[in-house]
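In what follows, a structure is listed as structure tokens, so that the remarks can point back to it.
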Amino acid sequence: MSHAASVHSLWTLAADPPREIPAPHIEYAQLAPTLIVLGVAVLGILVEAFLPRRARYHAQLLLSVVGLAAAFAAVVALAAGGHAGEKAQIAAMGAIAVDGPALFLQGTILLVSLIAVFTFAERRLDPAAHGNRVDSFAAQGSAVPGGEAEQAAVKAGFTTTEVFPLALFAVGGMLVFPAANDLLTLFVALEVFSLPLYVLCALARRQRLLSQESAVKYFLLGAFSSAFLLFGVALLYGYAGTVTYSGIAEVVSGTTRTVDPALASTMGNDALLLIGGALVLMGLLFKVGAVPFHMWTPDVYQGAPTPVTGFMAAATKVAGFGALLRLLYVVLPGMRWDWRPVMWGVAIVTMLLGAIVAVTQTDVKRLLAYSSIAHAGFILAGVIAASPDGVSSVLFYLAAYSFVTLGAFSVVTLVRDAGGEATHLSKWAGLGRRSPLVAAVFAVFLLAFAGIPLTSGFAGKFAVFKAAAQGGAGTLVIVGVLSSAIAAFFYIRVIVLMFFSEPKADGPTVAVPSTLTSTAIAVGVAVTVVLGVAPQYFLDLAGQAGTFVR
């Protein structure tokens, strides 16, 4: 009895002084874009639960489009209200930065996602199955490929409408990722946008096994990269005694004032800083697909449903490079001499490998995957410039690149044969004679990828290389121009294949898309041409948005 009494008295002593947990102070207006997207995603899950199957597709499409448009309007309102400039601030108890780069990248991600949702909703391309129009996604994700359950689901006309809320959750994570202002927020955002993407990659209607294989590869390698990132966060915490970006930057520059006695022994240990910084960088370089962390890219791009590939290729790059910029410019500017040589190496290898390996590819989606690796190298050249021009050039490049990518993958969805999409390059021979318009549009995107003048690709590359040269990375620019020349070879080769070779008799047909995909492709072409012919306004916009809040 006495034992129980003593335990009781200990408990009352411990509970005696009432500790008040302070309520967090959240700036809801400044976080509106992210909150709108996540709120609509939750609504989408409720739609899946409560609406009958017939009504879900239209409800989800409407919800997604309205939600993304509203979030974009919120970003524009914040930027117009001065939050990109003099009113830039750290919101949500120091977790999120609301500043120029964050708003610019969030706006880009939202616009790209809005157009990607159109390609997700496309239902005209596949022949109708049992009288029902079908989209690019499996009738029932949980069914065994080719099994009875799947056949029954196709017969009943089921569709996986969960792809819309999944995409919205991914977008919500991507909006937080480049704006995160402490390492734990960064990690949570990484997981929030990665997990839905793993699921989306596994949901292709045709070639289910290839699709599931790509999702498993992405998941396993993604788990590795998350682990590296998290380990890096732990080491940086040990180094600085805090996970906030500004706190770590203060310790790096030696201006910190308060020291927690429990952490005094490890604080300022440079080995922790170097290894922790390297591990966090690895996690981010994995997301943007830089060599040597690029192994997942070709397999995942090839296996995932093409609308998902387009969305992933465009939006993940924007989010990943946004986070990379903030990490290098806000947290580690004091370590410039340590990270620049490493990033030099990564950028050079990424540009060369992406361009050289792409020459050997025989599949359109794999070719675009290697091209995206090469582009990651070009964007890294701008990151390495370590100047305000570097930031704005990277922002501009990301905006230009994401629309070209989305447009190119939207065109890939149109070229079909009996087995679904015809992605083998040999089948694209003579496409220019069969359907000159589609081939011409694809040629515009390829020329933009190659960086030919009067396309957005040229304006972007020019800005990035100029910033790199001014930042003292002249060698990098020479390697970049060489890689661009190698890359131009295989882009032009595809154009020659489409327009100057004989079409095969049993070649693929070009499906006539609904207005959804047509809109996506038209926007892609418009952005490519406008940013190529008159880039100055957008370069100025990126320039105004180029200052990080500290």
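Simple scheme: letters A, B, ... for chains in structure tokens order, numbers from 1 for residues in each chain, numbers from 1 for ligands in the order shown.
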- Message: Just list as a PyMOL selection string whatever in region 59-252 of chain A DSSP marks as strand (DSSP E or B).
- Response: chain A and resi 89-91+96-98+129+132+137+180+182+204+244
Please dump the current selection as a compact mmCIF listing (two decimals), in the first residue's frame; keep N, CA, C and O atoms.
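Heads up, here's the output in part06.txt:
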# COMPACT_ATOMS: atom_id res chain seq x y z
N GLN A 89 8.34 37.61 -44.83
CA GLN A 89 8.46 37.29 -43.41
C GLN A 89 8.56 35.79 -43.21
O GLN A 89 8.37 35.01 -44.14
N ILE A 90 8.88 35.39 -41.97
CA ILE A 90 8.87 33.98 -41.59
C ILE A 90 7.55 33.75 -40.87
O ILE A 90 7.27 34.40 -39.87
N ALA A 91 6.73 32.83 -41.38
CA ALA A 91 5.40 32.59 -40.81
C ALA A 91 5.37 31.28 -40.05
O ALA A 91 6.34 30.51 -40.05
N ILE A 96 7.84 28.35 -41.90
CA ILE A 96 7.64 28.59 -43.33
C ILE A 96 8.09 30.00 -43.66
O ILE A 96 7.76 30.94 -42.94
N ALA A 97 8.82 30.15 -44.77
CA ALA A 97 9.19 31.49 -45.22
C ALA A 97 8.19 31.93 -46.29
O ALA A 97 7.87 31.16 -47.19
N VAL A 98 7.69 33.16 -46.15
CA VAL A 98 6.84 33.72 -47.20
C VAL A 98 7.64 34.85 -47.82
O VAL A 98 7.71 35.95 -47.28
N ALA A 129 -14.02 1.08 -73.10
CA ALA A 129 -14.06 -0.31 -72.64
C ALA A 129 -15.46 -0.61 -72.15
O ALA A 129 -15.94 0.04 -71.21
N ASN A 132 -17.72 2.30 -71.65
CA ASN A 132 -17.33 3.37 -70.73
C ASN A 132 -16.06 4.04 -71.21
O ASN A 132 -15.13 3.37 -71.63
N PHE A 137 -5.57 5.63 -65.98
CA PHE A 137 -5.30 4.99 -64.70
C PHE A 137 -6.04 3.66 -64.57
O PHE A 137 -7.09 3.47 -65.16
N ALA A 180 9.97 25.86 -46.85
CA ALA A 180 10.28 25.40 -45.49
C ALA A 180 11.44 26.20 -44.93
O ALA A 180 12.43 26.45 -45.63
N ASP A 182 12.65 25.44 -41.64
CA ASP A 182 13.46 24.64 -40.73
C ASP A 182 13.54 23.22 -41.27
O ASP A 182 12.72 22.82 -42.10
N ALA A 204 -0.88 2.76 -63.62
CA ALA A 204 -1.12 2.81 -65.06
C ALA A 204 -2.15 1.77 -65.48
O ALA A 204 -2.19 0.66 -64.95
N THR A 244 16.31 25.38 -37.16
CA THR A 244 15.87 26.49 -38.02
C THR A 244 17.02 26.93 -38.92
O THR A 244 18.19 26.90 -38.52
- Item | DSSP-assigned alpha helix (DSSP H) among region 175-359 of chain A, expressed as a PyMOL selection string | chain A and resi 175-176+183-201+208-240+245-253+270-288+296-303+306-326+336-358
- Task: For each of A:Tyr401, A:Pro508, A:Val300, A:Gly277, take the minimum atom-to-atom distance to Leu220 (chain A), counting only C-alpha atoms, then give the residue where this is smallest.
- Result: A:Val300
- Message: List the spatial neighbours of region 63-74 of chain A as a PyMOL selection string - criterion: any atom at most 6 Å away, only C-alpha atoms, same-chain residues fewer than 3 positions off excluded.
- Response: chain A and resi 33+36-37+40+60+77+107+110+114
- Item | Interatomic distance, CA of Asp540 (chain A) to CA of Arg326 (chain A) (Å, one decimal) |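 Those two atoms sit 19.9 Å apart.
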- Just how far from CA of Ser371 (chain A) is CA of Gly354 (chain A), in Å to one decimal?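 Rounded to one decimal, the two atoms are 5.9 Å apart.
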